[in-house]
Amino acid sequence: MKYDAVVFDLLTALIDSWTLWNDVAGSPGDGMKWRRRYLEITYGCGAYRPYETLVREAARDVGLPESLGEALERRWTELQPWPEARGVLAELRVPLAVATNCSIRLGRLAADRVGVPFKVVVTAESAGFYKPRPEPYRAVLAALGTAPERTLFVAGSASDVPGAKGVGMPVYWHNRIGLPPRDDARPDHLEPTLDKLADLFDRN
């Protein structure tokens with residue numbers, strides 16, 4: 001077996017958060033503007049500031065009501081995993097973990113929506129920093145007790161590719177919506193779905 005554990009980005013690699021953001025915003029165009037601005041704020045944030053605050057600020061910055069942040073939070077339990085996620089994860093015979101850019105409370109709620117058990121759930125709040133800073137990746141590795149080179153990171157966003165690679169983790173980029181790379185970092189595996197993830201592991 002090539003890897004001893006798998007760590008997942010939660011809100012894009014395992015869960016279709018795009019659909020909920022778009023629905024709360026009122027249209028795919030507004031949802032994408034809002035989400036992109038949120039990502040810009042997050043990546044430039046450094047030390048943790050409340051996730052819910054960043055979501056409200058992002059809405060305001062793109063001309064949408066700040067109240068969309070509260071609406072997103074109220075509807076958080078509507079988040080759905082990608083169709084193949086539960087089946088693929090059920091095939092993996094190694095510890096599973098999450099490293100996600102949100103609060104502890106919302107991270108746990110979202111992880112529960114996937115419907116499979118995770119050994120570790122690390123959030124930006126618990127790590128004290130947002131990805132792609134190294135602290136969340138290092139925190140999940142420490143909690144798992146695995147070496148970075150033996151721990152596969154399943155990315156959903158472009159920034160998780162250089163983030164995870166930067167601490168020595170191999171990366172499977174589940175690039176569902178065709179995002180462009182953030183920089184010159186390239187994943188070890190690039191796929192539009194999670195379907196081929198189990199092929200990287202012994203199924204016995």
# chains A, B, ... in the order shown; residues from 1 in each chain; ligands from 1
>>> residues_around(residues="Arg56 of chain A", least_positions_apart="4", cutoff="9 Å", atoms="only C-alpha atoms", output="list of chain:residue names")
A:Tyr38, A:Tyr51, A:Glu52, A:Arg60, A:Asp61, A:Pro65, A:Glu66, A:Ser67, A:Leu68, A:Gly69, A:Glu70
>>> residues_around(residues="Asp160 of chain A", least_positions_apart="2", cutoff="12 Å", atoms="only C-alpha atoms", output="ChimeraX atom specification")
/A:7-13,39,43,99-101,130-134,136-137,153-158,162-167,169-175,179,181-183,185-187
>>> select_by_dssp(residues="chain A", states="helix (DSSP H, G or I)", output="ChimeraX atom specification")
/A:10-14,17-25,28-43,51-61,67-74,76-78,85-91,104-114,124-127,134-144,148-150,160-166,197-200
>>> write_last_selection(atoms="C-alpha atoms", output="JSON list (two decimals), in the first residue's frame")
[["chain", "number", "residue", "atom", "x", "y", "z"],
["A", 10, "LEU", "CA", -13.89, 19.01, 2.88],
["A", 11, "LEU", "CA", -15.91, 21.78, 1.26],
["A", 12, "THR", "CA", -14.85, 21.22, -2.34],
["A", 13, "ALA", "CA", -13.20, 17.79, -2.57],
["A", 14, "LEU", "CA", -15.93, 15.89, -0.70],
["A", 17, "SER", "CA", -20.60, 23.52, -1.46],
["A", 18, "TRP", "CA", -20.77, 25.45, -4.75],
["A", 19, "THR", "CA", -24.46, 24.62, -5.23],
["A", 20, "LEU", "CA", -25.43, 25.87, -1.77],
["A", 21, "TRP", "CA", -23.44, 29.10, -2.06],
["A", 22, "ASN", "CA", -25.01, 29.79, -5.48],
["A", 23, "ASP", "CA", -28.50, 29.07, -4.17],
["A", 24, "VAL", "CA", -28.07, 31.35, -1.15],
["A", 25, "ALA", "CA", -26.67, 34.10, -3.40],
["A", 28, "PRO", "CA", -24.54, 31.00, -10.05],
["A", 29, "GLY", "CA", -22.93, 34.27, -11.13],
["A", 30, "ASP", "CA", -23.41, 35.97, -7.77],
["A", 31, "GLY", "CA", -22.48, 32.80, -5.94],
["A", 32, "MET", "CA", -19.20, 32.52, -7.83],
["A", 33, "LYS", "CA", -18.32, 36.19, -7.24],
["A", 34, "TRP", "CA", -19.05, 35.83, -3.55],
["A", 35, "ARG", "CA", -17.11, 32.58, -3.22],
["A", 36, "ARG", "CA", -14.10, 33.89, -5.15],
["A", 37, "ARG", "CA", -13.89, 36.97, -2.95],
["A", 38, "TYR", "CA", -14.16, 34.83, 0.16],
["A", 39, "LEU", "CA", -11.28, 32.68, -1.08],
["A", 40, "GLU", "CA", -9.16, 35.79, -1.76],
["A", 41, "ILE", "CA", -9.77, 37.03, 1.79],
["A", 42, "THR", "CA", -9.07, 33.62, 3.28],
["A", 43, "TYR", "CA", -5.80, 33.08, 1.43],
["A", 51, "TYR", "CA", -14.93, 32.09, 9.20],
["A", 52, "GLU", "CA", -18.43, 33.50, 9.49],
["A", 53, "THR", "CA", -16.98, 37.04, 9.50],
["A", 54, "LEU", "CA", -14.99, 36.42, 6.33],
["A", 55, "VAL", "CA", -18.06, 35.06, 4.55],
["A", 56, "ARG", "CA", -20.05, 38.21, 5.43],
["A", 57, "GLU", "CA", -17.17, 40.49, 4.40],
["A", 58, "ALA", "CA", -16.87, 38.72, 1.06],
["A", 59, "ALA", "CA", -20.57, 39.25, 0.33],
["A", 60, "ARG", "CA", -20.29, 42.94, 1.15],
["A", 61, "ASP", "CA", -17.17, 43.36, -0.98],
["A", 67, "SER", "CA", -26.96, 38.86, 5.61],
["A", 68, "LEU", "CA", -26.15, 36.16, 3.07],
["A", 69, "GLY", "CA", -23.54, 34.96, 5.54],
["A", 70, "GLU", "CA", -26.21, 34.23, 8.13],
["A", 71, "ALA", "CA", -28.39, 32.60, 5.48],
["A", 72, "LEU", "CA", -25.54, 30.30, 4.44],
["A", 73, "GLU", "CA", -24.95, 29.34, 8.06],
["A", 74, "ARG", "CA", -28.66, 28.58, 8.63],
["A", 76, "TRP", "CA", -25.35, 24.62, 6.29],
["A", 77, "THR", "CA", -26.91, 21.23, 6.95],
["A", 78, "GLU", "CA", -28.23, 21.23, 3.36],
["A", 85, "ALA", "CA", -17.99, 10.29, -2.24],
["A", 86, "ARG", "CA", -19.52, 7.88, 0.28],
["A", 87, "GLY", "CA", -18.99, 4.82, -1.89],
["A", 88, "VAL", "CA", -15.38, 5.66, -2.69],
["A", 89, "LEU", "CA", -14.46, 6.48, 0.91],
["A", 90, "ALA", "CA", -16.07, 3.26, 2.12],
["A", 91, "GLU", "CA", -13.57, 1.34, -0.02],
["A", 104, "ILE", "CA", -14.88, 24.08, 14.36],
["A", 105, "ARG", "CA", -18.68, 23.96, 14.60],
["A", 106, "LEU", "CA", -19.34, 24.23, 10.86],
["A", 107, "GLY", "CA", -16.49, 21.86, 10.07],
["A", 108, "ARG", "CA", -17.97, 19.14, 12.26],
["A", 109, "LEU", "CA", -21.44, 19.67, 10.80],
["A", 110, "ALA", "CA", -20.09, 19.46, 7.24],
["A", 111, "ALA", "CA", -17.99, 16.38, 8.00],
["A", 112, "ASP", "CA", -21.10, 14.65, 9.34],
["A", 113, "ARG", "CA", -22.84, 15.33, 6.02],
["A", 114, "VAL", "CA", -20.35, 13.07, 4.22],
["A", 124, "ALA", "CA", -8.77, 26.54, 10.34],
["A", 125, "GLU", "CA", -10.11, 27.57, 13.74],
["A", 126, "SER", "CA", -8.55, 24.60, 15.54],
["A", 127, "ALA", "CA", -5.23, 25.03, 13.70],
["A", 134, "PRO", "CA", 1.27, 24.96, 6.48],
["A", 135, "GLU", "CA", -0.18, 24.86, 9.99],
["A", 136, "PRO", "CA", -3.48, 23.06, 9.18],
["A", 137, "TYR", "CA", -1.70, 20.37, 7.14],
["A", 138, "ARG", "CA", 0.89, 19.87, 9.86],
["A", 139, "ALA", "CA", -1.83, 19.71, 12.52],
["A", 140, "VAL", "CA", -3.69, 16.93, 10.74],
["A", 141, "LEU", "CA", -0.45, 14.99, 10.15],
["A", 142, "ALA", "CA", 0.42, 15.29, 13.84],
["A", 143, "ALA", "CA", -3.03, 14.10, 14.88],
["A", 144, "LEU", "CA", -2.82, 11.12, 12.52],
["A", 148, "PRO", "CA", 3.71, 13.51, 5.06],
["A", 149, "GLU", "CA", 5.10, 11.47, 2.17],
["A", 150, "ARG", "CA", 2.85, 8.54, 3.21],
["A", 160, "ASP", "CA", -4.55, 23.09, -1.61],
["A", 161, "VAL", "CA", -2.19, 21.72, -4.26],
["A", 162, "PRO", "CA", 0.80, 23.94, -3.37],
["A", 163, "GLY", "CA", -0.32, 24.00, 0.27],
["A", 164, "ALA", "CA", -0.17, 20.23, 0.77],
["A", 165, "LYS", "CA", 2.80, 19.74, -1.54],
["A", 166, "GLY", "CA", 4.63, 22.39, 0.48],
["A", 197, "LEU", "CA", -9.07, 7.38, -5.70],
["A", 198, "ALA", "CA", -9.65, 3.82, -4.52],
["A", 199, "ASP", "CA", -7.41, 2.54, -7.34],
["A", 200, "LEU", "CA", -4.45, 3.96, -5.43]]
>>> residues_around(residues="Leu96 of chain A", least_positions_apart="3", cutoff="10 Å", atoms="only C-alpha atoms", output="PDB file with N, CA and C atoms, in the first residue's frame")
ATOM      1  N   ASP A   4      -0.526   5.611   3.995  1.00  0.00           N
ATOM      2  CA  ASP A   4      -0.971   5.144   5.307  1.00  0.00           C
ATOM      3  C   ASP A   4      -2.250   5.826   5.780  1.00  0.00           C
ATOM      4  N   ALA A   5      -2.612   6.947   5.150  1.00  0.00           N
ATOM      5  CA  ALA A   5      -3.818   7.687   5.517  1.00  0.00           C
ATOM      6  C   ALA A   5      -4.176   8.627   4.372  1.00  0.00           C
ATOM      7  N   VAL A   6      -5.406   9.107   4.407  1.00  0.00           N
ATOM      8  CA  VAL A   6      -5.866  10.079   3.405  1.00  0.00           C
ATOM      9  C   VAL A   6      -6.488  11.262   4.132  1.00  0.00           C
ATOM     10  N   VAL A   7      -6.094  12.462   3.741  1.00  0.00           N
ATOM     11  CA  VAL A   7      -6.653  13.700   4.281  1.00  0.00           C
ATOM     12  C   VAL A   7      -7.415  14.399   3.161  1.00  0.00           C
ATOM     13  N   PHE A   8      -8.610  14.848   3.457  1.00  0.00           N
ATOM     14  CA  PHE A   8      -9.466  15.472   2.455  1.00  0.00           C
ATOM     15  C   PHE A   8      -9.701  16.950   2.756  1.00  0.00           C
ATOM     16  N   LEU A  89     -15.103   6.452  -0.402  1.00  0.00           N
ATOM     17  CA  LEU A  89     -14.460   6.481   0.908  1.00  0.00           C
ATOM     18  C   LEU A  89     -14.671   5.180   1.669  1.00  0.00           C
ATOM     19  N   LEU A  92     -11.868   2.650   1.117  1.00  0.00           N
ATOM     20  CA  LEU A  92     -10.516   2.929   1.584  1.00  0.00           C
ATOM     21  C   LEU A  92     -10.285   2.276   2.940  1.00  0.00           C
ATOM     22  N   ARG A  93      -9.224   1.498   3.052  1.00  0.00           N
ATOM     23  CA  ARG A  93      -8.947   0.758   4.276  1.00  0.00           C
ATOM     24  C   ARG A  93      -7.812   1.398   5.078  1.00  0.00           C
ATOM     25  N   VAL A 116     -19.462   9.243   6.467  1.00  0.00           N
ATOM     26  CA  VAL A 116     -18.451   8.237   6.797  1.00  0.00           C
ATOM     27  C   VAL A 116     -17.661   8.748   7.999  1.00  0.00           C
ATOM     28  N   PRO A 117     -17.073   7.856   8.795  1.00  0.00           N
ATOM     29  CA  PRO A 117     -16.320   8.317   9.972  1.00  0.00           C
ATOM     30  C   PRO A 117     -14.930   8.833   9.610  1.00  0.00           C
ATOM     31  N   PHE A 118     -14.551   9.939  10.223  1.00  0.00           N
ATOM     32  CA  PHE A 118     -13.215  10.499  10.067  1.00  0.00           C
ATOM     33  C   PHE A 118     -12.472  10.369  11.393  1.00  0.00           C
ATOM     34  N   LYS A 119     -11.240   9.925  11.322  1.00  0.00           N
ATOM     35  CA  LYS A 119     -10.426   9.799  12.537  1.00  0.00           C
ATOM     36  C   LYS A 119     -10.073  11.167  13.096  1.00  0.00           C
ATOM     37  N   VAL A 120      -9.832  12.135  12.206  1.00  0.00           N
ATOM     38  CA  VAL A 120      -9.408  13.478  12.612  1.00  0.00           C
ATOM     39  C   VAL A 120     -10.148  14.505  11.762  1.00  0.00           C
ATOM     40  N   VAL A 121     -10.622  15.572  12.382  1.00  0.00           N
ATOM     41  CA  VAL A 121     -11.161  16.727  11.662  1.00  0.00           C
ATOM     42  C   VAL A 121     -10.432  17.961  12.170  1.00  0.00           C
ATOM     43  N   LEU A 144      -2.805  12.467  13.088  1.00  0.00           N
ATOM     44  CA  LEU A 144      -2.820  11.125  12.515  1.00  0.00           C
ATOM     45  C   LEU A 144      -1.586  10.315  12.923  1.00  0.00           C
ATOM     46  N   THR A 151       1.076  10.192   3.375  1.00  0.00           N
ATOM     47  CA  THR A 151      -0.286  10.662   3.648  1.00  0.00           C
ATOM     48  C   THR A 151      -0.797  11.426   2.429  1.00  0.00           C
ATOM     49  N   LEU A 152      -1.764  10.848   1.737  1.00  0.00           N
ATOM     50  CA  LEU A 152      -2.300  11.460   0.525  1.00  0.00           C
ATOM     51  C   LEU A 152      -3.270  12.578   0.883  1.00  0.00           C
TER      52      LEU A 152
END
>>> select_by_dssp(residues="segment 30-202 of chain A", states="strand (DSSP E)", output="PDB file with N, CA and C atoms, in the first residue's frame")
ATOM      1  N   LEU A  96      -9.024   8.005   7.687  1.00  0.00           N
ATOM      2  CA  LEU A  96      -9.474   9.152   6.902  1.00  0.00           C
ATOM      3  C   LEU A  96      -9.522  10.382   7.796  1.00  0.00           C
ATOM      4  N   ALA A  97      -9.137  11.533   7.237  1.00  0.00           N
ATOM      5  CA  ALA A  97      -9.123  12.777   8.004  1.00  0.00           C
ATOM      6  C   ALA A  97      -9.546  13.934   7.112  1.00  0.00           C
ATOM      7  N   VAL A  98      -9.817  15.050   7.751  1.00  0.00           N
ATOM      8  CA  VAL A  98     -10.249  16.264   7.053  1.00  0.00           C
ATOM      9  C   VAL A  98      -9.401  17.435   7.529  1.00  0.00           C
ATOM     10  N   ALA A  99      -9.023  18.306   6.594  1.00  0.00           N
ATOM     11  CA  ALA A  99      -8.438  19.610   6.917  1.00  0.00           C
ATOM     12  C   ALA A  99      -9.233  20.643   6.137  1.00  0.00           C
ATOM     13  N   THR A 100      -9.987  21.475   6.835  1.00  0.00           N
ATOM     14  CA  THR A 100     -10.935  22.356   6.160  1.00  0.00           C
ATOM     15  C   THR A 100     -10.841  23.794   6.656  1.00  0.00           C
ATOM     16  N   VAL A 120      -9.832  12.135  12.206  1.00  0.00           N
ATOM     17  CA  VAL A 120      -9.408  13.478  12.612  1.00  0.00           C
ATOM     18  C   VAL A 120     -10.148  14.505  11.762  1.00  0.00           C
ATOM     19  N   VAL A 121     -10.622  15.572  12.382  1.00  0.00           N
ATOM     20  CA  VAL A 121     -11.161  16.727  11.662  1.00  0.00           C
ATOM     21  C   VAL A 121     -10.432  17.961  12.170  1.00  0.00           C
ATOM     22  N   VAL A 122      -9.605  18.546  11.319  1.00  0.00           N
ATOM     23  CA  VAL A 122      -8.877  19.773  11.644  1.00  0.00           C
ATOM     24  C   VAL A 122      -9.509  20.916  10.870  1.00  0.00           C
ATOM     25  N   THR A 123      -9.835  21.986  11.561  1.00  0.00           N
ATOM     26  CA  THR A 123     -10.383  23.182  10.921  1.00  0.00           C
ATOM     27  C   THR A 123      -9.376  24.324  11.013  1.00  0.00           C
ATOM     28  N   THR A 151       1.076  10.192   3.375  1.00  0.00           N
ATOM     29  CA  THR A 151      -0.286  10.662   3.648  1.00  0.00           C
ATOM     30  C   THR A 151      -0.797  11.426   2.429  1.00  0.00           C
ATOM     31  N   LEU A 152      -1.764  10.848   1.737  1.00  0.00           N
ATOM     32  CA  LEU A 152      -2.300  11.460   0.525  1.00  0.00           C
ATOM     33  C   LEU A 152      -3.270  12.578   0.883  1.00  0.00           C
ATOM     34  N   PHE A 153      -3.105  13.732   0.244  1.00  0.00           N
ATOM     35  CA  PHE A 153      -4.058  14.826   0.424  1.00  0.00           C
ATOM     36  C   PHE A 153      -4.942  14.900  -0.811  1.00  0.00           C
ATOM     37  N   VAL A 154      -6.253  14.897  -0.586  1.00  0.00           N
ATOM     38  CA  VAL A 154      -7.216  15.020  -1.683  1.00  0.00           C
ATOM     39  C   VAL A 154      -7.721  16.457  -1.697  1.00  0.00           C
ATOM     40  N   ALA A 155      -7.257  17.201  -2.673  1.00  0.00           N
ATOM     41  CA  ALA A 155      -7.576  18.628  -2.785  1.00  0.00           C
ATOM     42  C   ALA A 155      -8.856  18.834  -3.589  1.00  0.00           C
ATOM     43  N   VAL A 171      -0.498  14.712  -3.659  1.00  0.00           N
ATOM     44  CA  VAL A 171      -1.825  15.314  -3.825  1.00  0.00           C
ATOM     45  C   VAL A 171      -2.602  14.665  -4.970  1.00  0.00           C
ATOM     46  N   TYR A 172      -3.844  14.337  -4.676  1.00  0.00           N
ATOM     47  CA  TYR A 172      -4.851  13.944  -5.668  1.00  0.00           C
ATOM     48  C   TYR A 172      -5.786  15.141  -5.770  1.00  0.00           C
ATOM     49  N   TRP A 173      -5.786  15.819  -6.916  1.00  0.00           N
ATOM     50  CA  TRP A 173      -6.651  16.994  -7.067  1.00  0.00           C
ATOM     51  C   TRP A 173      -7.949  16.584  -7.723  1.00  0.00           C
ATOM     52  N   HIS A 174      -9.021  16.623  -6.949  1.00  0.00           N
ATOM     53  CA  HIS A 174     -10.371  16.382  -7.460  1.00  0.00           C
ATOM     54  C   HIS A 174     -10.892  17.733  -7.979  1.00  0.00           C
ATOM     55  N   HIS A 189      -1.894  13.391  -8.950  1.00  0.00           N
ATOM     56  CA  HIS A 189      -3.026  12.811  -9.669  1.00  0.00           C
ATOM     57  C   HIS A 189      -4.034  13.927  -9.902  1.00  0.00           C
ATOM     58  N   LEU A 190      -4.547  14.043 -11.109  1.00  0.00           N
ATOM     59  CA  LEU A 190      -5.536  15.064 -11.454  1.00  0.00           C
ATOM     60  C   LEU A 190      -6.742  14.378 -12.083  1.00  0.00           C
ATOM     61  N   GLU A 191      -7.903  14.475 -11.430  1.00  0.00           N
ATOM     62  CA  GLU A 191      -9.105  13.795 -11.890  1.00  0.00           C
ATOM     63  C   GLU A 191     -10.326  14.696 -11.710  1.00  0.00           C
TER      64      GLU A 191
END
>>> atom_distance(atom1="atom CA of Gly44 of chain A", atom2="atom CA of Pro192 of chain A")
27.1 Å
>>> atom_distance(atom1="atom CA of Ala147 of chain A", atom2="atom CA of Thr193 of chain A")
25.8 Å
